[in-house]
Amino acid sequence: MLLIGIPLAASVLEGVLESEAMDANRAVRHLFWGVLILLLSACSVLNPAPKITPLFTDLPATATFDSQQAQTKAAYQATPTPRPSPTPWRVVTPTATQNTVPDQTYRTNPLTGLEVEDTDLLLERPVMVKLANWPQSLRPFNQILKADIVFEYFIGHQTNHILALFYGGQGGNTVVDTAALRAYIRTKDPENAIERLPDLHFDKEISAWDETALRVSYLYADFSVMDWRYNKVYGGYELWQDFQKEDGTYTLQQTLDRDTQQPVIFENVLILLADYIEYNPAFFDIDFREGDKEQAAILLRDGKMTNGTWYAPANNMPLQFFDQRGNPYILKPGQTWITFASTTSRIEMVEEGVWDITFVAN
């Protein structure tokens, strides 16, 4: 179970420095694998936005708590929404055995499959930085092109925020200066090295997929859209987002990196369907259902869509991704963007190779 709902006023740097009080092993988990289960946070940056009917209106129309979750519920005097019905399409339970062993070298970043210039970084703690995506005035992102993995999640009021993970590269001056932060950690504990992180599965070619996906739009509302467009020349997905013009109307605008003014392009886009449990309109848990191998996923690379599954083996182990035949999903070498969608999100093919996925709160 993942608790999200930290106020915007809480400084990212302050939050990272607080982790200094943890022992080294626990801190490493919290800054990398633990982020998949324990570190997502959301903040309310807007007054409640009006409920706007999504762009496409012709789509088809009590959680169990452990002791810690029950205390959280009581503290906020809120009643969670019921657990949603099973995933909207049939999935295949992946086999427990993974036969694919990714190629790796001493210089290969295990999170991207690419070689790194500074191999010493692979023995340092990964750094997570929260980047606000709302309001619109906070865009564009800063130094996001140097992140290895980005996580996107719902924060209420039909809006989202993201977390950028920097491991094999430095994030420059995003919200915090990741290079300076790592230098500070070294002054506190000169022996603070970690073991090399486990490798994800990568290959330059994809051998099997289910559908063509040249454009995929994830719609929180008609004013809140993450639109991914496949760039055949580059071999990755460009991000376009909602943009409110001076006359108040909305359009889609390509997202650029604030510093370099380069398009935000990711080789892999993974949309993982997860249970959101609402305590109030801006405070949620995300239930990762550890050990559940039948959670649906929509996996994108090379203009191809694979209907697959994902699961978290435990709260201190990495997420795993599979196709519907139970084989490990092979990522393209490069960066990965992961969106935690709701299990009730609806998918529709608008035309050949063009898809709309509409967020529906659990």
# chains A, B, ... in the order shown; residues from 1 in each chain; ligands from 1
>>> closest_atom_pairs(of="segment 120-163 of chain A", to="segment 332-351 of chain A", cutoff="9 Å", atoms="only C-alpha atoms", output="CSV")
residue,atom,partner,partner_atom,distance
A:Leu145,CA,A:Gln335,CA,8.5
A:Lys146,CA,A:Gln335,CA,8.7
A:Ala147,CA,A:Gln335,CA,7.3
A:Asp148,CA,A:Gln335,CA,5.2
A:Ile149,CA,A:Thr336,CA,4.9
A:Val150,CA,A:Trp337,CA,4.8
A:Phe151,CA,A:Ile338,CA,4.8
A:Glu152,CA,A:Thr339,CA,4.6
A:Tyr153,CA,A:Phe340,CA,5.3
A:Phe154,CA,A:Phe340,CA,7.5
A:Ile162,CA,A:Thr339,CA,8.9
>>> residues_around(residues="segment 244-256 of chain A", least_positions_apart="5", cutoff="8 Å", atoms="only C-alpha atoms", output="list in words")
Pro140, Phe141, Phe223, Glu238, Leu239, Gln261, Gln262, Pro263 and Val264 of chain A
>>> write_last_selection(atoms="N, CA and C atoms", output="mmCIF file, in the first residue's frame")
data_model
loop_
_atom_site.group_PDB
_atom_site.id
_atom_site.type_symbol
_atom_site.label_atom_id
_atom_site.label_comp_id
_atom_site.auth_asym_id
_atom_site.auth_seq_id
_atom_site.Cartn_x
_atom_site.Cartn_y
_atom_site.Cartn_z
ATOM 1 N N PRO A 140 8.005 24.324 -18.408
ATOM 2 C CA PRO A 140 8.336 22.919 -18.648
ATOM 3 C C PRO A 140 9.236 22.358 -17.562
ATOM 4 N N PHE A 141 9.430 21.037 -17.610
ATOM 5 C CA PHE A 141 10.305 20.367 -16.656
ATOM 6 C C PHE A 141 11.750 20.815 -16.856
ATOM 7 N N PHE A 223 -8.960 19.114 -20.086
ATOM 8 C CA PHE A 223 -7.963 20.138 -19.817
ATOM 9 C C PHE A 223 -6.678 19.547 -19.233
ATOM 10 N N GLU A 238 7.396 11.195 -28.195
ATOM 11 C CA GLU A 238 7.440 12.606 -27.795
ATOM 12 C C GLU A 238 6.223 12.916 -26.927
ATOM 13 N N LEU A 239 6.435 13.714 -25.896
ATOM 14 C CA LEU A 239 5.352 14.095 -25.001
ATOM 15 C C LEU A 239 4.761 15.437 -25.398
ATOM 16 N N GLN A 261 15.827 23.026 -24.144
ATOM 17 C CA GLN A 261 14.786 23.279 -25.146
ATOM 18 C C GLN A 261 14.666 22.134 -26.142
ATOM 19 N N GLN A 262 15.129 20.947 -25.730
ATOM 20 C CA GLN A 262 14.983 19.754 -26.552
ATOM 21 C C GLN A 262 13.655 19.072 -26.240
ATOM 22 N N PRO A 263 13.025 18.437 -27.239
ATOM 23 C CA PRO A 263 11.763 17.734 -26.984
ATOM 24 C C PRO A 263 11.944 16.643 -25.943
ATOM 25 N N VAL A 264 10.946 16.473 -25.088
ATOM 26 C CA VAL A 264 10.944 15.391 -24.119
ATOM 27 C C VAL A 264 10.528 14.119 -24.850
#
>>> select_by_dssp(residues="segment 76-299 of chain A", states="helix (DSSP H, G or I)", output="ChimeraX atom specification")
/A:76,119-123,136-138,144-146,178-188
>>> atom_distance(atom1="atom CA of Leu299 of chain A", atom2="atom CA of Leu272 of chain A")
8.3 Å
>>> closest_residue(among="A:Met317, A:Ile155, A:Ala179, A:Leu114", to="Phe283 of chain A", atoms="only C-alpha atoms")
A:Ile155
>>> atom_distance(atom1="atom CA of Ile265 of chain A", atom2="atom CA of Arg215 of chain A")
13.0 Å
>>> select_by_dssp(residues="segment 233-348 of chain A", states="strand (DSSP E or B)", output="number ranges by chain")
A: 236-244, 250-254, 256, 263, 265-266, 268-280, 283-287, 295-301, 304-311, 320-323, 328, 331, 336-342, 346-348
>>> closest_residue(among="A:Thr309, A:Asn268, A:Asn160, A:Gln241", to="Asp292 of chain A", atoms="only C-alpha atoms")
A:Thr309
>>> residues_around(residues="Arg229 of chain A", least_positions_apart="3", cutoff="9 Å", atoms="only C-alpha atoms", output="PyMOL selection string")
chain A and resi 213-217+236-240+303
>>> atom_distance(atom1="atom CA of Thr178 of chain A", atom2="atom CA of Phe166 of chain A")
7.9 Å
>>> closest_residue(among="A:Pro126, A:Gly353, A:Gly308, A:Gly113", to="Phe202 of chain A", atoms="only C-alpha atoms")
A:Gly113
>>> closest_residue(among="A:Ala314, A:Ile330, A:Val360, A:Leu273", to="Glu294 of chain A", atoms="only C-alpha atoms")
A:Leu273
>>> residues_around(residues="Lys130 of chain A", least_positions_apart="2", cutoff="7 Å", atoms="only C-alpha atoms", output="PyMOL selection string")
chain A and resi 12+128+132+162-164
>>> residues_around(residues="Leu123 of chain A", least_positions_apart="4", cutoff="7 Å", atoms="only C-alpha atoms", output="MDAnalysis selection string")
chainID A and resid 193:196
